[in-house]
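Take a look at the structure below.
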Amino acid sequence: MRKIWNILCSIRTTFWLMTILSFFLLFGYIYTNTFFKFYTTLDNSPILQWLPKAIIHDFYRSWWIIGLCIIIPCIICNMFFCTIDKLILIIKNNHTLSNKQLMGKYIIAIVHLMSIVILISHFISLQFSTMFIFTINKEKFIQFYSEKMYLKTVLIQYYPFNSTLKNTIKDISITLLPGSNSKKEIVLSALNPALYRGHLFFLIPNKKNKQRIVDISNSKMNSEIISQYSILVKKDYGYTLWMYSFSFIIVFILIFYFSNLKKHNYN
């Protein structure tokens, strides 16, 4: 039993797990660039629903994802047992350590545990999040549950006229106005999603029409451009867990940093 515990807590185990992870990620980088369209179907489906179908029909393009699904839980277990082993050691030897040393070691342990929570939150996001895609209709509104959201403004940024990308959209942002709350505005762009009532709003190009070069002399330009986009609404159940865990990590790292900085200046 002790031998198994030592393997689970071993840094050598961590090294080999990270090496294997790098192997799968390398092939993932190659495959996702080569078969990009195949993996886009994963955006709209929970991974545990998507993966079995991919294994049956396209095993040669999904084998590395199976590897990731195995190796990442192994890394989480290794990190957890390593942290617990260090905490046991700290508790046993706490009488030999100063308060600042104890604080530093406990903070490092907490950061490791929060990192595990972040990994788990990503799995929750991939598996349990719900997504809806809305197209903006001719009346310029979308139906979000029982609420209508009206399109208020469209802001389009182009590359400079004297550049080789003239008449090409650099960025587009829209403002939505919820019907039940006329004072609340939702502003989102292709690069900046928005949060409203626990849902994330993304502006995404339509798959059937990715044309982004337009004639700026066309008076119907805004209508034509906005018709090329849809709004993806996502309820991410792992987002809050991830956000709080990441915030805790930042806070504890800052505490650790400034406590050591104060000690260094004192010396």
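Residues in the structure tokens are numbered from 1 in each chain, the chains being A, B, ... in the order shown, and ligands are numbered from 1 in the order shown.
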List the neighbours of Phe144 of chain A out to 10 Å using only C-alpha atoms; skip same-chain residues closer than 3 positions along the sequence, and give me the result as a VMD selection string.
chain A and resid 132 134 141 147 to 149 178 233
Pull C-alpha atoms from the residues just selected and write them as a PDB file, in the first residue's frame.
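Result written to again-v2.pdb:
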ATOM      1  CA  PHE A 132     -28.332  28.189 -28.016  1.00  0.00           C
ATOM      2  CA  PHE A 134     -29.898  32.821 -32.401  1.00  0.00           C
ATOM      3  CA  PHE A 141     -34.569  41.114 -32.312  1.00  0.00           C
ATOM      4  CA  GLU A 147     -37.832  37.750 -23.424  1.00  0.00           C
ATOM      5  CA  LYS A 148     -37.197  39.682 -26.615  1.00  0.00           C
ATOM      6  CA  MET A 149     -33.834  41.395 -27.036  1.00  0.00           C
ATOM      7  CA  PRO A 178     -33.603  43.544 -23.278  1.00  0.00           C
ATOM      8  CA  VAL A 233     -25.820  32.073 -25.788  1.00  0.00           C
TER       9      VAL A 233
END
Can you list, as a PDB file with N, CA and C atoms, in the first residue's frame, every protein, DNA or RNA residue that comes within 10 Å of Arg61 of chain A when you count only C-alpha atoms, leaving out same-chain residues fewer than 4 positions away?
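In the end it all went to around_14.pdb:
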ATOM      1  N   PHE A  27       0.007  15.978 -31.060  1.00  0.00           N
ATOM      2  CA  PHE A  27      -0.831  15.403 -32.108  1.00  0.00           C
ATOM      3  C   PHE A  27      -2.153  16.154 -32.218  1.00  0.00           C
ATOM      4  N   GLY A  28      -2.671  16.650 -31.072  1.00  0.00           N
ATOM      5  CA  GLY A  28      -3.888  17.445 -31.119  1.00  0.00           C
ATOM      6  C   GLY A  28      -3.702  18.723 -31.916  1.00  0.00           C
ATOM      7  N   TYR A  31      -3.592  17.624 -35.639  1.00  0.00           N
ATOM      8  CA  TYR A  31      -4.879  17.138 -36.139  1.00  0.00           C
ATOM      9  C   TYR A  31      -5.909  18.266 -36.235  1.00  0.00           C
ATOM     10  N   THR A  32      -5.965  19.141 -35.220  1.00  0.00           N
ATOM     11  CA  THR A  32      -6.972  20.201 -35.253  1.00  0.00           C
ATOM     12  C   THR A  32      -6.705  21.213 -36.364  1.00  0.00           C
ATOM     13  N   THR A  34      -5.238  20.278 -39.241  1.00  0.00           N
ATOM     14  CA  THR A  34      -5.444  19.527 -40.480  1.00  0.00           C
ATOM     15  C   THR A  34      -6.922  19.244 -40.732  1.00  0.00           C
ATOM     16  N   PHE A  35      -7.666  18.896 -39.677  1.00  0.00           N
ATOM     17  CA  PHE A  35      -9.084  18.529 -39.804  1.00  0.00           C
ATOM     18  C   PHE A  35      -9.947  19.490 -38.988  1.00  0.00           C
ATOM     19  N   PHE A  38     -13.832  19.089 -38.724  1.00  0.00           N
ATOM     20  CA  PHE A  38     -14.285  17.927 -37.954  1.00  0.00           C
ATOM     21  C   PHE A  38     -14.435  18.273 -36.479  1.00  0.00           C
ATOM     22  N   TYR A  39     -13.506  19.054 -35.943  1.00  0.00           N
ATOM     23  CA  TYR A  39     -13.517  19.345 -34.508  1.00  0.00           C
ATOM     24  C   TYR A  39     -14.453  20.494 -34.144  1.00  0.00           C
ATOM     25  N   ALA A  54     -17.541   9.937 -32.303  1.00  0.00           N
ATOM     26  CA  ALA A  54     -16.273  10.171 -33.004  1.00  0.00           C
ATOM     27  C   ALA A  54     -15.409   8.915 -32.990  1.00  0.00           C
ATOM     28  N   ILE A  55     -15.429   8.174 -31.891  1.00  0.00           N
ATOM     29  CA  ILE A  55     -14.629   6.943 -31.800  1.00  0.00           C
ATOM     30  C   ILE A  55     -15.111   5.920 -32.819  1.00  0.00           C
ATOM     31  N   HIS A  57     -16.945   6.451 -35.682  1.00  0.00           N
ATOM     32  CA  HIS A  57     -16.875   6.859 -37.088  1.00  0.00           C
ATOM     33  C   HIS A  57     -15.515   7.421 -37.506  1.00  0.00           C
ATOM     34  N   ILE A  65      -7.776  12.509 -28.309  1.00  0.00           N
ATOM     35  CA  ILE A  65      -8.698  13.056 -27.315  1.00  0.00           C
ATOM     36  C   ILE A  65      -8.975  12.013 -26.238  1.00  0.00           C
TER      37      ILE A  65
END
Find the residues near segment 2-4 of chain A: any atom within 12 Å, counting only C-alpha atoms, skip ones fewer than 2 places away on the same chain, and give them as an MDAnalysis selection string.
chainID A and resid 6:10 13 78 81 85
Can I get the selection written as a compact mmCIF listing (two decimals), in the first residue's frame, with C-alpha atoms?
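Dumped to again.txt:
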# COMPACT_ATOMS: atom_id res chain seq x y z
CA ASN A 6 4.65 6.70 -3.14
CA ILE A 7 3.91 6.22 -6.85
CA LEU A 8 0.82 8.43 -6.62
CA CYS A 9 2.79 11.14 -4.80
CA SER A 10 5.96 10.89 -6.86
CA THR A 13 5.13 10.19 -11.91
CA ASN A 78 -1.24 12.90 -8.94
CA PHE A 81 -2.09 13.08 -3.69
CA ASP A 85 1.28 14.15 1.10
Hey, what's within 12 Å of Leu42 of chain A if we count only C-alpha atoms and toss same-chain stuff fewer than 3 positions away? As a list in words, please?
Thr32, Phe36, Lys37, Phe38, Tyr39, Ser45, Pro46, Ile47, Leu48, Gln49, Trp50, Leu51, Pro52, Lys53, Ala54, Ser62, Ile65, Leu126, Gln127 and Met131 of chain A
Could you write out, as a PyMOL selection string, all the residues of segment 91-256 of chain A that DSSP marks as strand (DSSP E or B)?
chain A and resi 130-135+141-144+147-158+168-178+186-189+194-196+199-205+213+229-235
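The closest residue to Gly67 of chain A, picked from A:Ile118, A:Leu26, A:Leu191, A:Ile186 and counting only C-alpha atoms, is A:Leu26.
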Residue neighbourhood Leu17 of chain A, 9 Å, only C-alpha atoms, exclusion window fewer than 3 positions, as a ChimeraX atom specification
/A:12-14,20-22,71-72,74-75,78
Residues near Leu188 of chain A, cut-off 9 Å, only C-alpha atoms, skip fewer than 2 positions along chain, as number ranges by chain
A: 172-176, 186, 190-194, 201-203
Can those selected residues be exported to a file as a PDB file, in the first residue's frame so that it contains C-alpha atoms?
ATOM      1  CA  ILE A 172     -17.917  44.364 -35.151  1.00  0.00           C
ATOM      2  CA  SER A 173     -19.848  45.057 -31.971  1.00  0.00           C
ATOM      3  CA  ILE A 174     -23.573  45.168 -31.344  1.00  0.00           C
ATOM      4  CA  THR A 175     -25.738  46.508 -28.542  1.00  0.00           C
ATOM      5  CA  LEU A 176     -28.773  44.510 -27.452  1.00  0.00           C
ATOM      6  CA  ILE A 186     -25.715  44.198 -23.548  1.00  0.00           C
ATOM      7  CA  ALA A 190     -16.517  39.190 -31.977  1.00  0.00           C
ATOM      8  CA  LEU A 191     -13.635  39.460 -29.491  1.00  0.00           C
ATOM      9  CA  ASN A 192     -15.529  40.373 -26.304  1.00  0.00           C
ATOM     10  CA  PRO A 193     -18.485  38.298 -25.053  1.00  0.00           C
ATOM     11  CA  ALA A 194     -21.016  39.676 -22.581  1.00  0.00           C
ATOM     12  CA  PHE A 201     -23.327  35.991 -25.142  1.00  0.00           C
ATOM     13  CA  PHE A 202     -20.945  35.491 -28.078  1.00  0.00           C
ATOM     14  CA  LEU A 203     -21.056  37.073 -31.523  1.00  0.00           C
TER      15      LEU A 203
END
Near segment 98-114 of chain A, counting only C-alpha atoms, which residues have an atom at most 12 Å away, once you skip same-chain residues fewer than 6 positions from it, shown as a PyMOL selection string?
chain A and resi 75-92+120-121+241-263
Prev. selection, C-alpha atoms, output as a PDB file, in the first residue's frame:
ATOM      1  CA  ILE A  75      -2.561  14.312 -13.531  1.00  0.00           C
ATOM      2  CA  ILE A  76      -5.349  15.613 -11.284  1.00  0.00           C
ATOM      3  CA  CYS A  77      -5.024  12.536  -9.043  1.00  0.00           C
ATOM      4  CA  ASN A  78      -1.241  12.897  -8.944  1.00  0.00           C
ATOM      5  CA  MET A  79      -1.501  16.585  -8.054  1.00  0.00           C
ATOM      6  CA  PHE A  80      -4.079  15.868  -5.353  1.00  0.00           C
ATOM      7  CA  PHE A  81      -2.092  13.079  -3.690  1.00  0.00           C
ATOM      8  CA  CYS A  82       1.141  15.078  -3.922  1.00  0.00           C
ATOM      9  CA  THR A  83      -0.554  18.006  -2.197  1.00  0.00           C
ATOM     10  CA  ILE A  84      -2.085  15.833   0.516  1.00  0.00           C
ATOM     11  CA  ASP A  85       1.284  14.150   1.101  1.00  0.00           C
ATOM     12  CA  LYS A  86       2.967  17.558   1.494  1.00  0.00           C
ATOM     13  CA  LEU A  87       0.220  18.765   3.843  1.00  0.00           C
ATOM     14  CA  ILE A  88       0.673  15.688   6.048  1.00  0.00           C
ATOM     15  CA  LEU A  89       4.416  16.385   6.133  1.00  0.00           C
ATOM     16  CA  ILE A  90       3.840  20.050   7.010  1.00  0.00           C
ATOM     17  CA  ILE A  91       1.464  19.172   9.845  1.00  0.00           C
ATOM     18  CA  LYS A  92       3.918  16.637  11.257  1.00  0.00           C
ATOM     19  CA  ILE A 120     -12.636  20.102 -12.838  1.00  0.00           C
ATOM     20  CA  SER A 121     -14.546  23.289 -13.705  1.00  0.00           C
ATOM     21  CA  LEU A 241     -16.337  27.759 -10.123  1.00  0.00           C
ATOM     22  CA  TRP A 242     -13.425  28.595 -12.419  1.00  0.00           C
ATOM     23  CA  MET A 243     -13.674  32.337 -11.737  1.00  0.00           C
ATOM     24  CA  TYR A 244     -13.668  32.002  -7.940  1.00  0.00           C
ATOM     25  CA  SER A 245     -10.882  29.401  -7.978  1.00  0.00           C
ATOM     26  CA  PHE A 246      -8.709  31.570 -10.201  1.00  0.00           C
ATOM     27  CA  SER A 247      -9.414  34.608  -7.995  1.00  0.00           C
ATOM     28  CA  PHE A 248      -8.368  32.644  -4.909  1.00  0.00           C
ATOM     29  CA  ILE A 249      -5.112  31.654  -6.621  1.00  0.00           C
ATOM     30  CA  ILE A 250      -4.330  35.284  -7.480  1.00  0.00           C
ATOM     31  CA  VAL A 251      -5.105  36.446  -3.921  1.00  0.00           C
ATOM     32  CA  PHE A 252      -2.983  33.756  -2.252  1.00  0.00           C
ATOM     33  CA  ILE A 253      -0.080  34.285  -4.663  1.00  0.00           C
ATOM     34  CA  LEU A 254      -0.154  38.015  -3.888  1.00  0.00           C
ATOM     35  CA  ILE A 255      -0.182  37.277  -0.157  1.00  0.00           C
ATOM     36  CA  PHE A 256       2.773  34.936  -0.601  1.00  0.00           C
ATOM     37  CA  TYR A 257       4.648  37.456  -2.750  1.00  0.00           C
ATOM     38  CA  PHE A 258       4.164  40.500  -0.522  1.00  0.00           C
ATOM     39  CA  SER A 259       4.908  38.563   2.671  1.00  0.00           C
ATOM     40  CA  ASN A 260       8.244  37.440   1.204  1.00  0.00           C
ATOM     41  CA  LEU A 261       8.904  40.908  -0.235  1.00  0.00           C
ATOM     42  CA  LYS A 262       8.412  42.449   3.200  1.00  0.00           C
ATOM     43  CA  LYS A 263      10.753  39.896   4.728  1.00  0.00           C
TER      44      LYS A 263
END
Which one of A:Ile116, A:Thr164, A:Thr96, A:Asp236 sits closest to Pro73 of chain A if you count only C-alpha atoms?
A:Ile116
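Using only C-alpha atoms, the shortest contact distance between Phe123 of chain A and any of A:Leu195, A:Ile204, A:Cys69, A:Val187 is found at A:Cys69.
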Separating atom CA of Ser115 of chain A from atom CA of Ile11 of chain A, to the nearest tenth of an Å, is a gap of 16.8 Å
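Distance-wise, atom CA of Ser189 of chain A and atom CA of Thr130 of chain A end up 20.6 Å apart.
Picture a line from atom CA of Phe161 of chain A to atom CA of Ile136 of chain A; it runs 28.7 Å.
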